[in-house]
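Asker: Here you go, this is input30.tsv (TSV, C-alpha atoms (C1' of nucleotides)).
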```tsv
chain	number	residue	atom	x	y	z
A	779	MET	CA	26.84	-36.44	35.88
A	780	GLU	CA	25.72	-34.66	32.83
A	781	PRO	CA	28.54	-32.57	31.42
A	782	LEU	CA	26.22	-30.10	29.78
A	783	LYS	CA	27.61	-27.19	31.73
A	784	ASP	CA	31.08	-28.14	30.47
A	785	TYR	CA	29.74	-28.15	26.93
A	786	TYR	CA	28.40	-24.69	27.49
A	787	ARG	CA	31.71	-23.34	28.79
A	788	ALA	CA	33.63	-24.89	25.91
A	789	LEU	CA	31.26	-23.34	23.39
A	790	LEU	CA	31.27	-19.95	25.07
A	791	ASP	CA	35.08	-19.96	25.17
A	792	ARG	CA	35.26	-20.73	21.50
A	793	PHE	CA	32.44	-18.62	20.04
A	794	GLY	CA	31.74	-15.94	22.65
A	795	PRO	CA	28.27	-14.62	23.56
A	796	GLN	CA	25.88	-14.83	20.59
A	797	GLY	CA	23.45	-12.18	21.79
A	798	TRP	CA	20.37	-13.87	20.38
A	799	TRP	CA	17.79	-12.87	19.33
A	800	PRO	CA	18.24	-9.81	17.08
A	801	GLY	CA	15.03	-7.77	16.90
A	802	GLU	CA	13.77	-4.40	18.05
A	803	THR	CA	10.46	-5.52	19.54
A	804	ARG	CA	8.95	-8.65	21.01
A	805	PHE	CA	6.66	-8.91	17.99
A	806	GLU	CA	9.55	-8.68	15.56
A	807	VAL	CA	11.30	-11.56	17.34
A	808	MET	CA	8.12	-13.64	17.13
A	809	VAL	CA	7.79	-12.95	13.41
A	810	GLY	CA	11.42	-13.94	12.93
A	811	ALA	CA	10.82	-17.20	14.78
A	812	ILE	CA	8.17	-18.17	12.23
A	813	LEU	CA	10.09	-16.94	9.20
A	814	THR	CA	13.29	-18.79	10.09
A	815	GLN	CA	11.65	-22.22	10.07
A	816	ASN	CA	14.03	-24.43	8.08
A	817	THR	CA	15.52	-21.30	6.56
A	818	ALA	CA	18.83	-19.45	6.79
A	819	TRP	CA	18.62	-16.33	8.95
A	820	LYS	CA	20.14	-14.23	6.19
A	821	ASN	CA	17.02	-14.75	4.09
A	822	VAL	CA	14.80	-13.92	7.03
A	823	GLU	CA	16.56	-10.58	7.51
A	824	LYS	CA	15.56	-9.52	4.02
A	825	ALA	CA	11.95	-10.48	4.61
A	826	ILE	CA	11.82	-8.64	7.93
A	827	GLY	CA	13.40	-5.60	6.27
A	828	THR	CA	10.61	-5.57	3.70
A	829	LEU	CA	7.94	-5.99	6.37
A	830	ARG	CA	9.48	-3.07	8.25
A	831	THR	CA	9.57	-0.90	5.13
A	832	TYR	CA	5.88	-1.51	4.53
A	833	GLY	CA	5.02	-0.95	8.19
A	834	LEU	CA	3.85	-4.53	8.56
A	835	LEU	CA	5.81	-5.39	11.69
A	836	ASP	CA	2.66	-4.96	13.70
A	837	PRO	CA	0.07	-7.57	14.70
A	838	HIS	CA	-2.88	-5.45	13.56
A	839	LYS	CA	-1.33	-4.82	10.15
A	840	ILE	CA	-0.57	-8.48	9.56
A	841	HIS	CA	-4.05	-9.35	10.81
A	842	GLU	CA	-5.53	-6.97	8.20
A	843	THR	CA	-3.23	-7.62	5.27
A	844	ASP	CA	-4.31	-10.31	2.83
A	845	GLN	CA	-2.22	-13.43	2.57
A	846	ASP	CA	-0.98	-12.87	-0.98
A	847	THR	CA	0.34	-9.40	-0.22
A	848	LEU	CA	2.08	-10.77	2.84
A	849	ALA	CA	3.56	-13.63	0.82
A	850	LEU	CA	5.03	-11.19	-1.67
A	851	ALA	CA	6.66	-9.19	1.12
A	852	ILE	CA	8.32	-12.20	2.76
A	853	LYS	CA	9.36	-13.90	-0.46
A	854	PRO	CA	13.11	-14.06	0.28
A	855	ALA	CA	12.42	-16.14	3.40
A	856	GLY	CA	11.20	-19.05	1.27
A	857	TYR	CA	8.01	-21.14	1.71
A	858	PHE	CA	6.36	-17.76	1.39
A	859	ASN	CA	2.80	-19.01	0.88
A	860	VAL	CA	3.03	-21.33	3.86
A	861	LYS	CA	4.67	-18.73	6.05
A	862	ALA	CA	2.24	-15.97	5.07
A	863	LYS	CA	-0.57	-18.22	6.27
A	864	ARG	CA	1.33	-18.97	9.49
A	865	LEU	CA	2.05	-15.31	10.16
A	866	LYS	CA	-1.60	-14.52	9.75
A	867	ALA	CA	-2.67	-17.38	12.00
A	868	PHE	CA	-0.29	-16.11	14.64
A	869	ALA	CA	-1.35	-12.47	14.29
A	870	ASP	CA	-5.01	-13.50	14.33
A	871	TRP	CA	-4.43	-15.29	17.62
A	872	LEU	CA	-2.53	-12.37	19.14
A	873	VAL	CA	-5.11	-9.80	18.08
A	874	THR	CA	-8.30	-11.70	18.86
A	875	LYS	CA	-7.23	-13.53	22.02
A	876	HIS	CA	-4.72	-11.11	23.51
A	877	HIS	CA	-5.61	-7.63	22.24
A	878	ALA	CA	-2.39	-7.60	20.16
A	879	ASP	CA	-0.52	-7.00	23.41
A	880	ALA	CA	2.75	-8.92	23.31
A	881	GLU	CA	3.86	-7.41	26.60
A	882	LYS	CA	0.93	-8.92	28.46
A	883	LEU	CA	1.82	-12.39	27.23
A	884	THR	CA	4.75	-12.36	29.65
A	885	GLN	CA	2.27	-12.42	32.55
A	886	ILE	CA	0.69	-15.72	31.47
A	887	PRO	CA	1.95	-18.94	33.09
A	888	LEU	CA	4.59	-20.53	30.86
A	889	ASP	CA	2.93	-23.93	30.45
A	890	ARG	CA	-0.44	-22.46	29.57
A	891	LEU	CA	0.99	-20.05	27.01
A	892	ARG	CA	3.06	-22.82	25.44
A	893	GLU	CA	-0.09	-24.90	24.99
A	894	GLU	CA	-1.84	-21.96	23.37
A	895	LEU	CA	1.03	-21.36	20.95
A	896	LEU	CA	1.14	-25.03	19.96
A	897	GLU	CA	-2.55	-24.91	19.00
A	898	ILE	CA	-1.80	-22.31	16.32
A	899	LYS	CA	-1.34	-23.94	12.90
A	900	GLY	CA	2.26	-23.39	11.90
A	901	ILE	CA	3.70	-23.12	15.39
A	902	GLY	CA	5.46	-26.31	16.42
A	903	PRO	CA	7.58	-26.96	19.51
A	904	GLU	CA	10.74	-25.21	18.34
A	905	THR	CA	8.95	-22.09	17.15
A	906	ALA	CA	6.85	-21.98	20.32
A	907	ASP	CA	9.91	-22.27	22.54
A	908	SER	CA	11.81	-19.68	20.48
A	909	ILE	CA	8.96	-17.23	20.93
A	910	LEU	CA	8.70	-17.99	24.65
A	911	LEU	CA	12.43	-17.73	25.30
A	912	TYR	CA	13.68	-15.03	22.97
A	913	ALA	CA	10.62	-12.81	22.53
A	914	LEU	CA	9.00	-13.19	25.94
A	915	ASP	CA	11.94	-14.06	28.24
A	916	PHE	CA	10.53	-17.30	29.59
A	917	PRO	CA	13.12	-19.85	30.80
A	918	THR	CA	12.29	-22.61	28.33
A	919	PHE	CA	14.93	-24.48	26.33
A	920	VAL	CA	14.87	-24.44	22.53
A	921	VAL	CA	15.76	-27.68	20.77
A	922	ASP	CA	16.60	-27.92	17.08
A	923	ALA	CA	18.11	-30.29	14.54
A	924	TYR	CA	21.64	-29.38	15.66
A	925	THR	CA	20.78	-30.14	19.26
A	926	TYR	CA	19.70	-33.60	18.20
A	927	ARG	CA	22.92	-34.19	16.27
A	928	VAL	CA	25.19	-33.03	19.06
A	929	LEU	CA	23.36	-35.02	21.75
A	930	THR	CA	23.14	-38.24	19.74
A	931	ARG	CA	26.68	-38.09	18.39
A	932	HIS	CA	27.96	-37.65	21.91
A	933	ASN	CA	25.76	-40.45	23.23
A	934	LEU	CA	24.08	-38.06	25.63
A	935	ILE	CA	20.70	-39.31	24.42
A	936	GLY	CA	19.37	-42.14	22.27
A	937	GLU	CA	18.51	-41.89	18.59
A	938	GLU	CA	14.83	-42.29	19.43
A	939	ALA	CA	14.82	-39.18	21.63
A	940	THR	CA	11.89	-36.83	21.14
A	941	TYR	CA	11.87	-33.05	21.25
A	942	GLU	CA	10.57	-33.14	24.82
A	943	ASP	CA	13.24	-35.65	25.87
A	944	MET	CA	15.99	-33.28	24.77
A	945	LYS	CA	14.31	-30.22	26.20
A	946	ASP	CA	13.94	-31.96	29.56
A	947	LEU	CA	17.57	-33.02	29.53
A	948	PHE	CA	18.72	-29.40	29.39
A	949	GLU	CA	16.12	-28.03	31.74
A	950	ARG	CA	16.71	-30.68	34.40
A	951	ASN	CA	20.47	-30.34	34.32
A	952	LEU	CA	20.94	-26.62	33.99
A	953	GLY	CA	18.20	-25.10	36.11
A	954	ARG	CA	15.78	-22.64	34.58
A	955	ASP	CA	17.96	-19.73	33.56
A	956	ARG	CA	16.70	-17.58	30.69
A	957	GLU	CA	20.06	-16.02	29.85
A	958	LEU	CA	21.87	-19.35	29.95
A	959	PHE	CA	19.21	-21.04	27.80
A	960	GLY	CA	19.30	-18.23	25.27
A	961	GLU	CA	23.07	-18.34	24.87
A	962	PHE	CA	23.31	-22.12	24.98
A	963	HIS	CA	20.86	-22.72	22.16
A	964	ALA	CA	22.52	-20.04	20.03
A	965	LEU	CA	25.93	-21.59	20.70
A	966	ILE	CA	24.66	-25.02	19.69
A	967	VAL	CA	23.53	-23.54	16.40
A	968	ALA	CA	26.94	-21.90	15.99
A	969	VAL	CA	28.87	-25.11	16.58
A	970	GLY	CA	26.35	-27.08	14.57
A	971	LYS	CA	26.73	-24.93	11.49
A	972	LYS	CA	30.48	-25.23	11.58
A	973	PHE	CA	31.14	-28.77	12.75
A	974	CYS	CA	27.97	-30.81	13.15
A	975	ARG	CA	26.20	-30.81	9.82
A	976	ALA	CA	24.79	-33.90	8.09
A	977	THR	CA	28.36	-35.16	7.88
A	978	ALA	CA	30.24	-34.50	11.11
A	979	ARG	CA	33.51	-32.56	10.94
A	980	CYS	CA	34.86	-33.13	14.41
A	981	GLU	CA	38.55	-32.38	13.76
A	982	GLU	CA	38.55	-28.82	15.03
A	983	CYS	CA	35.29	-28.87	16.98
A	984	PRO	CA	35.52	-27.36	20.48
A	985	LEU	CA	33.39	-30.27	21.72
A	986	ARG	CA	35.78	-32.87	20.37
A	987	ARG	CA	37.26	-33.69	23.78
A	988	PHE	CA	33.81	-34.69	25.06
A	989	LEU	CA	33.29	-37.31	22.36
A	990	PRO	CA	32.77	-40.83	23.67
A	991	GLY	CA	36.07	-42.68	23.67
A	992	LYS	CA	38.17	-39.54	23.73
B	1344	DG	C1'	24.14	-28.32	-9.99
B	1345	DA	C1'	23.61	-30.62	-5.82
B	1346	DC	C1'	23.13	-29.68	-0.97
B	1347	DC	C1'	21.54	-27.26	2.96
B	1348	DA	C1'	19.14	-23.85	6.13
B	1349	DG	C1'	17.67	-21.57	13.53
B	1350	DG	C1'	10.25	-26.73	10.86
B	1351	DC	C1'	5.71	-27.90	10.34
B	1352	DA	C1'	1.32	-29.94	8.71
B	1353	DC	C1'	-0.75	-33.33	6.33
B	1354	DA	C1'	-1.34	-37.79	3.63
B	1355	DT	C1'	-0.81	-42.45	3.65
B	1356	DC	C1'	0.20	-46.93	5.25
C	242	DG	C1'	2.35	-44.64	15.55
C	243	DA	C1'	5.82	-44.31	12.15
C	244	DT	C1'	7.34	-42.78	7.78
C	245	DG	C1'	7.16	-39.83	3.59
C	246	DT	C1'	6.29	-35.49	1.21
C	247	DG	C1'	5.43	-30.56	-0.07
C	248	DC	C1'	6.72	-26.06	0.80
C	249	DA	C1'	10.90	-22.21	-1.92
C	250	DT	C1'	14.53	-18.78	-1.64
C	251	DG	C1'	19.43	-17.86	-1.53
C	252	DG	C1'	24.23	-19.10	-0.06
C	253	DT	C1'	28.14	-22.60	-0.37
```
Write the structure described by the file as structure tokens, please.
Answerer:
Amino acid sequence: MEPLKDYYRALLDRFGPQGWWPGETRFEVMVGAILTQNTAWKNVEKAIGTLRTYGLLDPHKIHETDQDTLALAIKPAGYFNVKAKRLKAFADWLVTKHHADAEKLTQIPLDRLREELLEIKGIGPETADSILLYALDFPTFVVDAYTYRVLTRHNLIGEEATYEDMKDLFERNLGRDRELFGEFHALIVAVGKKFCRATARCEECPLRRFLPGK
DNA sequence: GACCAGGCACATC
DNA sequence: GATGTGCATGGT
């Protein structure tokens, strides 16, 4: 059977609860999900701080603010021109299609909302799932580059695995549990940063005992 | 001074 | 359909 639950316990024992996602409002978490694309969270914090200072952590404000002004505000998060455009595309969607009401999004069926998010330019599968899970409390699993490394290095999935393959693996074997999904993904990032980077450093990894051949 | 980070869209073959 | 490339700051 899949030992994923054992992986989870080992990670939780080692790192403790991660408490993801930091953010005061649903909208702030959604903004963070876009800003953190391929970017260290530390840089995102600065950008969010600036947005907060200028009162821009609000869908209407982002909808109204021009892209260049937005880009300047989020500069520390990197890719600032790209991300300014993506933030606006997202805010435009939220304002025009959903009355800027993040709370109401939680009432939409998960699959339908996920499709809608994926149609927005700049929202791919990981960002969509991060928004659904961490901002809106839907039980959907978030996959990232670390997830791929851990799963492939442990032979839990083939090298050719797609995002959906990995997502399904977790969702089928764990049952749809929002709290579990939220902690598990955060723990995978934690272990990934420390032990599962481009070059694996398995010596002190808490998942070492699960390695094939161990 | 490389290398990397809580990705994604788009061009080209 | 697969593979390659641009986007950019800040920490190690």
Asker: Separation of CA of Leu790 (chain A) and C1' of DC1347 (chain B), in Å?
Answerer: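 Going from CA of Leu790 (chain A) over to C1' of DC1347 (chain B) covers 25.2 Å.
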Asker: Show me which bits of chain A are within 12 Å of chain C, counting all atoms listed in the file, as a PyMOL selection string.
Answerer: chain A and resi 813-825+849+852-862+938
Asker: As an exercise, work out the distance from CA of Glu806 (chain A) to CA of Asp836 (chain A) in Å and give it to one decimal place.
Answerer: 8.0 Å
Asker: Between A:Pro800, A:Pro795, A:Gly902, A:Pro837, which has the minimum distance to DG1350 (chain B) (counting all atoms listed in the file)?
Answerer: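 Result for the nearest residue to DG1350 (chain B): A:Gly902.
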Asker: Please identify all residues of chain B having at least one atom at most 12 Å from any atom of chain A, considering only C-alpha atoms (C1' of nucleotides), and return them as a ChimeraX atom specification.
Answerer: /B:1346-1353
Asker: So how far away is CA of Arg956 (chain A) from CA of Ala878 (chain A), in Å?
Answerer: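 Result for CA of Ala878 (chain A) versus CA of Arg956 (chain A): 24.0 Å, one decimal.
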